[in-house]
$ cat model_12.txt   # compact mmCIF, C-alpha atoms and all ligand atoms
# COMPACT_ATOMS: atom_id res chain seq x y z
CA MET M 1 110.54 -67.18 125.36
CA SER M 2 112.43 -63.93 125.60
CA THR M 3 111.00 -60.72 124.22
CA SER M 4 113.70 -60.69 121.54
CA ARG M 5 112.27 -63.78 119.82
CA THR M 6 109.37 -63.28 117.47
CA ALA M 7 106.25 -65.18 118.50
CA LEU M 8 104.31 -67.03 115.84
CA ILE M 9 100.58 -66.71 116.43
CA VAL M 10 98.30 -68.83 114.26
CA GLY M 11 94.53 -68.45 114.14
CA ASN M 12 92.58 -71.55 113.08
CA TRP M 13 89.10 -70.57 111.99
CA LYS M 14 87.92 -74.14 111.38
CA MET M 15 84.58 -74.20 109.50
CA TYR M 16 83.63 -70.62 110.32
CA LYS M 17 83.33 -67.49 108.15
CA THR M 18 82.13 -66.88 104.62
CA ILE M 19 83.97 -64.57 102.21
CA SER M 20 82.01 -61.50 103.33
CA GLU M 21 82.51 -62.37 107.00
CA THR M 22 86.23 -62.78 106.30
CA GLU M 23 86.46 -59.34 104.70
CA GLU M 24 84.58 -57.75 107.57
CA TYR M 25 86.79 -59.51 110.16
CA LEU M 26 90.00 -58.40 108.42
CA SER M 27 88.82 -54.80 108.16
CA SER M 28 88.56 -54.83 111.96
CA LEU M 29 91.72 -56.85 112.64
CA LEU M 30 94.24 -55.07 110.39
CA PRO M 31 94.34 -51.74 112.26
CA LEU M 32 94.49 -53.58 115.60
CA VAL M 33 97.61 -55.59 114.76
CA LYS M 34 99.60 -53.38 112.41
CA GLU M 35 102.19 -52.56 115.09
CA SER M 36 102.38 -56.12 116.35
CA GLN M 37 105.75 -57.73 116.98
CA SER M 38 104.31 -61.21 116.39
CA LEU M 39 104.28 -63.19 113.15
CA ILE M 40 100.59 -63.57 112.36
CA TYR M 41 99.11 -66.53 110.47
CA LEU M 42 95.43 -67.06 109.73
CA SER M 43 94.20 -70.46 108.63
CA VAL M 44 90.88 -69.81 106.90
CA PRO M 45 88.35 -71.96 105.00
CA PHE M 46 89.43 -72.78 101.41
CA THR M 47 86.74 -70.54 99.95
CA ALA M 48 88.06 -67.50 101.85
CA ILE M 49 91.79 -67.90 101.06
CA ARG M 50 91.76 -65.69 97.98
CA ALA M 51 89.75 -62.86 99.50
CA ALA M 52 91.79 -62.99 102.70
CA SER M 53 95.15 -62.99 100.96
CA GLU M 54 94.11 -60.06 98.75
CA LYS M 55 92.95 -58.11 101.78
CA CYS M 56 96.19 -58.90 103.66
CA ARG M 57 98.58 -58.11 100.78
CA GLY M 58 101.36 -55.86 102.04
CA THR M 59 100.46 -56.47 105.68
CA ASN M 60 102.07 -58.59 108.41
CA ILE M 61 99.41 -61.34 108.12
CA HIS M 62 99.97 -64.62 106.28
CA ILE M 63 97.02 -66.64 105.00
CA GLY M 64 96.85 -70.42 104.78
CA ALA M 65 94.65 -73.53 104.77
CA GLN M 66 93.55 -76.11 107.31
CA ASN M 67 94.10 -79.25 105.23
CA MET M 68 95.21 -80.45 101.79
CA ASN M 69 95.30 -83.64 99.76
CA ASP M 70 98.50 -85.65 99.43
CA ALA M 71 98.30 -85.83 95.62
CA SER M 72 99.31 -83.09 93.18
CA GLU M 73 95.99 -83.40 91.34
CA GLY M 74 93.59 -86.16 90.33
CA ALA M 75 90.14 -87.68 90.46
CA PHE M 76 89.53 -87.07 94.17
CA THR M 77 86.07 -85.52 94.42
CA GLY M 78 85.85 -82.82 97.05
CA GLU M 79 89.59 -82.54 97.70
CA ILE M 80 91.99 -79.58 97.44
CA ALA M 81 95.60 -79.72 96.21
CA ALA M 82 98.55 -77.69 97.48
CA ARG M 83 98.95 -75.77 94.22
CA MET M 84 95.31 -74.65 94.40
CA ILE M 85 95.98 -73.22 97.85
CA ILE M 86 99.13 -71.51 96.60
CA GLU M 87 97.43 -69.94 93.58
CA ALA M 88 94.66 -68.63 95.83
CA GLY M 89 97.35 -66.89 97.92
CA GLY M 90 97.90 -69.38 100.74
CA THR M 91 101.44 -69.84 102.05
CA PHE M 92 100.99 -72.49 104.74
CA VAL M 93 98.76 -75.39 105.76
CA ILE M 94 97.80 -77.02 109.06
CA LEU M 95 98.27 -80.80 108.87
CA GLY M 96 97.14 -83.55 111.23
CA HIS M 97 94.82 -81.44 113.35
CA SER M 98 93.07 -83.68 115.90
CA GLU M 99 89.69 -82.90 114.31
CA ARG M 100 91.02 -84.28 111.00
CA ARG M 101 92.39 -87.33 112.81
CA LYS M 102 89.13 -87.92 114.69
CA PHE M 103 86.36 -87.00 112.24
CA PHE M 104 88.11 -87.84 108.97
CA ASN M 105 90.16 -90.82 110.12
CA GLU M 106 93.50 -89.29 109.21
CA SER M 107 96.36 -91.59 110.17
CA ASN M 108 99.98 -90.69 110.82
CA GLU M 109 100.77 -92.44 107.55
CA LEU M 110 98.42 -90.18 105.55
CA ILE M 111 99.62 -87.09 107.41
CA HIS M 112 103.18 -88.09 106.53
CA ARG M 113 102.28 -88.23 102.83
CA LYS M 114 100.52 -84.86 103.05
CA LEU M 115 103.53 -83.36 104.78
CA LYS M 116 105.88 -84.59 102.06
CA LYS M 117 103.63 -83.15 99.33
CA CYS M 118 103.23 -79.88 101.24
CA ILE M 119 107.02 -79.45 101.45
CA GLU M 120 107.51 -80.49 97.83
CA GLU M 121 104.98 -77.88 96.64
CA GLY M 122 106.51 -75.12 98.77
CA LEU M 123 103.87 -74.57 101.44
CA MET M 124 104.87 -74.14 105.10
CA PRO M 125 103.55 -77.11 107.11
CA ILE M 126 102.19 -76.74 110.65
CA LEU M 127 102.10 -80.30 111.94
CA CYS M 128 99.74 -80.92 114.89
CA VAL M 129 100.38 -83.60 117.50
CA GLY M 130 98.79 -84.28 120.87
CA GLU M 131 97.32 -86.88 123.19
CA THR M 132 93.66 -87.64 123.98
CA LYS M 133 92.20 -87.32 127.48
CA GLU M 134 92.47 -91.03 128.01
CA GLU M 135 96.11 -91.13 126.94
CA HIS M 136 96.76 -88.16 129.20
CA GLU M 137 95.19 -89.87 132.19
CA ASP M 138 97.11 -93.07 131.42
CA LYS M 139 100.34 -91.01 131.42
CA LYS M 140 101.10 -91.98 127.83
CA VAL M 141 101.84 -88.47 126.57
CA HIS M 142 105.51 -89.04 125.73
CA LYS M 143 104.79 -92.35 124.05
CA VAL M 144 101.98 -90.89 121.92
CA LEU M 145 104.00 -87.87 120.84
CA LYS M 146 107.03 -89.98 120.00
CA ASN M 147 104.92 -92.24 117.83
CA GLN M 148 103.11 -89.37 116.08
CA LEU M 149 106.31 -87.46 115.37
CA ASN M 150 108.31 -90.49 114.25
CA GLU M 151 105.58 -91.67 111.90
CA CYS M 152 104.66 -88.26 110.49
CA LEU M 153 108.26 -87.12 110.03
CA LYS M 154 109.99 -90.35 109.01
CA ASN M 155 112.48 -90.16 106.12
CA ILE M 156 112.08 -86.42 105.73
CA ASP M 157 115.51 -85.04 105.06
CA ILE M 158 117.00 -82.15 106.91
CA GLU M 159 117.23 -79.90 103.82
CA SER M 160 113.47 -79.94 103.30
CA ILE M 161 112.31 -78.89 106.76
CA SER M 162 113.57 -75.31 106.84
CA ASN M 163 110.07 -73.95 107.43
CA LEU M 164 108.50 -76.81 109.41
CA VAL M 165 106.39 -75.78 112.43
CA ILE M 166 105.10 -78.20 115.08
CA ALA M 167 102.01 -77.53 117.19
CA TYR M 168 101.43 -79.42 120.42
CA GLU M 169 97.67 -79.57 120.95
CA PRO M 170 96.42 -81.87 123.71
CA VAL M 171 93.06 -83.07 122.35
CA TRP M 172 91.39 -82.66 125.77
CA ALA M 173 92.35 -78.98 125.84
CA ILE M 174 90.84 -78.09 122.45
CA GLY M 175 87.67 -76.07 122.85
CA SER M 176 87.27 -77.25 126.46
CA GLY M 177 88.53 -74.27 128.46
CA GLU M 178 90.98 -76.66 130.18
CA THR M 179 94.72 -76.31 129.62
CA PRO M 180 97.86 -77.92 130.97
CA SER M 181 99.86 -75.63 133.28
CA SER M 182 102.57 -73.55 131.59
CA GLU M 183 105.18 -75.77 133.36
CA GLU M 184 103.58 -78.89 131.88
CA ILE M 185 103.54 -77.31 128.42
CA GLU M 186 107.21 -76.40 128.78
CA GLU M 187 108.12 -79.94 129.84
CA ILE M 188 106.34 -81.42 126.84
CA HIS M 189 107.80 -78.90 124.40
CA ALA M 190 111.30 -79.66 125.72
CA TYR M 191 110.55 -83.35 125.13
CA ILE M 192 109.37 -82.64 121.57
CA ARG M 193 112.56 -80.64 121.00
CA GLN M 194 114.58 -83.65 122.15
CA LEU M 195 112.67 -85.97 119.79
CA LEU M 196 113.33 -83.60 116.89
CA ALA M 197 117.04 -83.58 117.79
CA GLU M 198 116.98 -87.39 117.62
CA LEU M 199 115.30 -87.27 114.21
CA TRP M 200 117.74 -84.70 112.81
CA ASP M 201 120.18 -82.88 115.12
CA GLU M 202 120.19 -80.41 117.97
CA SER M 203 120.88 -77.23 115.98
CA THR M 204 118.01 -78.13 113.63
CA SER M 205 115.61 -78.90 116.46
CA ILE M 206 116.26 -75.52 118.10
CA LYS M 207 115.21 -73.74 114.91
CA ILE M 208 111.83 -75.50 114.58
CA PRO M 209 109.09 -73.30 116.09
CA LEU M 210 106.98 -75.17 118.65
CA LEU M 211 103.45 -73.85 119.15
CA TYR M 212 101.03 -74.65 121.94
CA GLY M 213 97.32 -74.95 121.09
CA GLY M 214 94.18 -75.71 123.11
CA SER M 215 91.93 -73.15 124.83
CA VAL M 216 94.37 -70.28 124.38
CA ASN M 217 92.81 -66.93 125.31
CA PRO M 218 94.03 -63.39 126.00
CA GLN M 219 94.38 -64.22 129.72
CA ASN M 220 96.64 -67.28 129.41
CA ALA M 221 98.53 -66.47 126.18
CA GLY M 222 101.17 -64.24 127.76
CA ILE M 223 101.89 -66.76 130.53
CA MET M 224 102.32 -69.69 128.14
CA ILE M 225 104.52 -67.86 125.73
CA LYS M 226 107.00 -66.87 128.41
CA GLU M 227 108.20 -70.48 128.57
CA PRO M 228 111.55 -70.94 126.78
CA ASN M 229 110.36 -73.73 124.47
CA VAL M 230 107.04 -72.14 123.54
CA ASP M 231 107.65 -70.20 120.32
CA GLY M 232 104.04 -69.43 119.55
CA LEU M 233 100.38 -70.33 119.85
CA LEU M 234 97.70 -72.01 117.75
CA VAL M 235 94.40 -70.37 118.55
CA GLY M 236 90.97 -71.74 117.61
CA GLY M 237 87.86 -70.23 119.22
CA ALA M 238 89.60 -67.06 120.39
CA SER M 239 90.78 -66.28 116.84
CA LEU M 240 87.20 -65.84 115.61
CA SER M 241 86.82 -62.38 117.07
CA PRO M 242 89.25 -59.72 115.79
CA GLU M 243 89.32 -58.03 119.21
CA THR M 244 90.18 -61.21 121.13
CA PHE M 245 92.67 -62.42 118.52
CA SER M 246 94.40 -59.03 118.44
CA GLN M 247 94.82 -59.12 122.22
CA ILE M 248 96.62 -62.46 121.88
CA VAL M 249 98.73 -61.29 118.95
CA ASN M 250 99.67 -58.12 120.85
CA PHE M 251 100.55 -60.00 124.03
CA GLN M 252 103.95 -58.25 124.27
CA ASN M 253 102.19 -54.92 124.80
CA ALA M 254 100.41 -56.36 127.84
CA LEU M 255 103.48 -58.03 129.40
CA THR M 256 105.91 -56.58 131.82
CA TYR M 257 109.16 -58.51 132.07
P1 LIG M 301 90.70 -73.84 120.68
O1 LIG M 301 91.16 -74.68 119.39
O2 LIG M 301 91.65 -72.68 120.80
O3 LIG M 301 89.30 -73.43 120.38
O4 LIG M 301 90.81 -74.75 121.85
C1 LIG M 301 92.51 -74.87 119.07
C2 LIG M 301 92.64 -75.69 117.82
O5 LIG M 301 91.79 -76.55 117.58
O6 LIG M 301 93.60 -75.50 117.04
$ encode --input "model_12.txt" --output "structure tokens" --more "lines below"
Ligand code: PGA
Amino acid sequence: MSTSRTALIVGNWKMYKTISETEEYLSSLLPLVKESQSLIYLSVPFTAIRAASEKCRGTNIHIGAQNMNDASEGAFTGEIAARMIIEAGGTFVILGHSERRKFFNESNELIHRKLKKCIEEGLMPILCVGETKEEHEDKKVHKVLKNQLNECLKNIDIESISNLVIAYEPVWAIGSGETPSSEEIEEIHAYIRQLLAELWDESTSIKIPLLYGGSVNPQNAGIMIKEPNVDGLLVGGASLSPETFSQIVNFQNALTY
């Protein structure tokens, strides 16, 4: 991407950090990123959304969730609805993360329903797609992505996707220290862009931010984000330390074009 485009950097904390740890983290992070040219999103545990959004009020950091239920409300013990996230101060939600697919059996069909509800309730969806190691080795990446995107995004009309974000996260790259090369990421993102153009149209597909996620760190972030179809990054492990996350968010400062 060119320096004139604003990068979208999302931190995914997963099941880490209590309320007090969140407050301490943000006290360290805020001064480190206040001059940042990136759009910063932090996906925190449900219990920390309120404290985080209060601490980030008036700053350049947006707070969101890592999952939501597909119903507006109801007798679903242990679940969280979109409007609960919104009232706590969340503005976005990650949907279809591979850990949700793997450990909680989330199907494309369920993710599709969550996505529809998320849009209906006014939260920004970050939809995750990506192939497993086996699918990667079997050279099924395009097929898997096409299936995931078609099933998760079917019958969603063009008017409702103005703030949709897609994250390409190869499952084998998450938490492993392994990543595809930046050329491979660019090839796959260009393919995703083409699929989105088939679902809607080309001018719409160009506007949808495409993030890469999987073992992003301060060393590789700047290289990945230089690719024309990489609009941002989804960062797991490296978002847990304010110092490391700020280095990724401030990647422009470290780059010479
Ligand atoms: P990682 O996780 O950066 O620790 O690989 C990314 C993710 O799961 O979103």
$ residues_near_ligand --input "model_12.txt" --ligand "ligand LIG 301 (chain M)" --cutoff "9 Å" --atoms "all atoms listed in the file" --output "ChimeraX atom specification"
/M:10-14,97-99,128,167,169,171-179,212-217,233-239
$ residues_around --input "model_12.txt" --residues "M:Ala88" --least-positions-apart "6" --cutoff "12 Å" --atoms "all atoms listed in the file" --output "PyMOL selection string"
chain M and resi 44-54+63-65+80-82
$ closest_residue --input "model_12.txt" --among "M:Met84, M:Ile192, M:Leu211, M:Val141" --to "M:Ile126" --atoms "all atoms listed in the file"
M:Leu211
$ closest_residue --input "model_12.txt" --among "M:Glu106, M:Glu35, M:Glu21, M:Glu134" --to "M:Thr59" --atoms "all atoms listed in the file"
M:Glu35
$ closest_residue --input "model_12.txt" --among "M:Tyr168, M:Phe104, M:Phe245, M:Tyr16" --to "M:Pro209" --atoms "only C-alpha atoms"
M:Tyr168
$ atom_distance --input "model_12.txt" --atom1 "atom CA of M:Leu196" --atom2 "atom CA of M:Asn108"
16.3 Å
$ closest_residue --input "model_12.txt" --among "M:Asn105, M:Gln37, M:Ser182, M:Asn147" --to "M:Ile223" --atoms "all atoms listed in the file"
M:Ser182
$ closest_residue --input "model_12.txt" --among "M:Tyr191, M:Phe251, M:Gln219, M:Leu39" --to "M:Ile206" --atoms "all atoms listed in the file"
M:Tyr191
$ residues_around --input "model_12.txt" --residues "stretch 66-74 of chain M" --least-positions-apart "4" --cutoff "6 Å" --atoms "all atoms listed in the file" --output "ChimeraX atom specification"
/M:43,80-81,93-95,113-114,117
$ residues_around --input "model_12.txt" --residues "M:Lys154" --least-positions-apart "5" --cutoff "12 Å" --atoms "all atoms listed in the file" --output "list of chain:residue names"
M:Asn108, M:Glu109, M:Ile111, M:His112, M:Arg113, M:Leu115, M:Lys116, M:Lys146, M:Asn147, M:Gln148, M:Leu149, M:Ile161, M:Leu195, M:Leu196, M:Glu198, M:Leu199, M:Trp200
$ atom_distance --input "model_12.txt" --atom1 "atom CA of M:His136" --atom2 "atom CA of M:Arg101"
17.0 Å
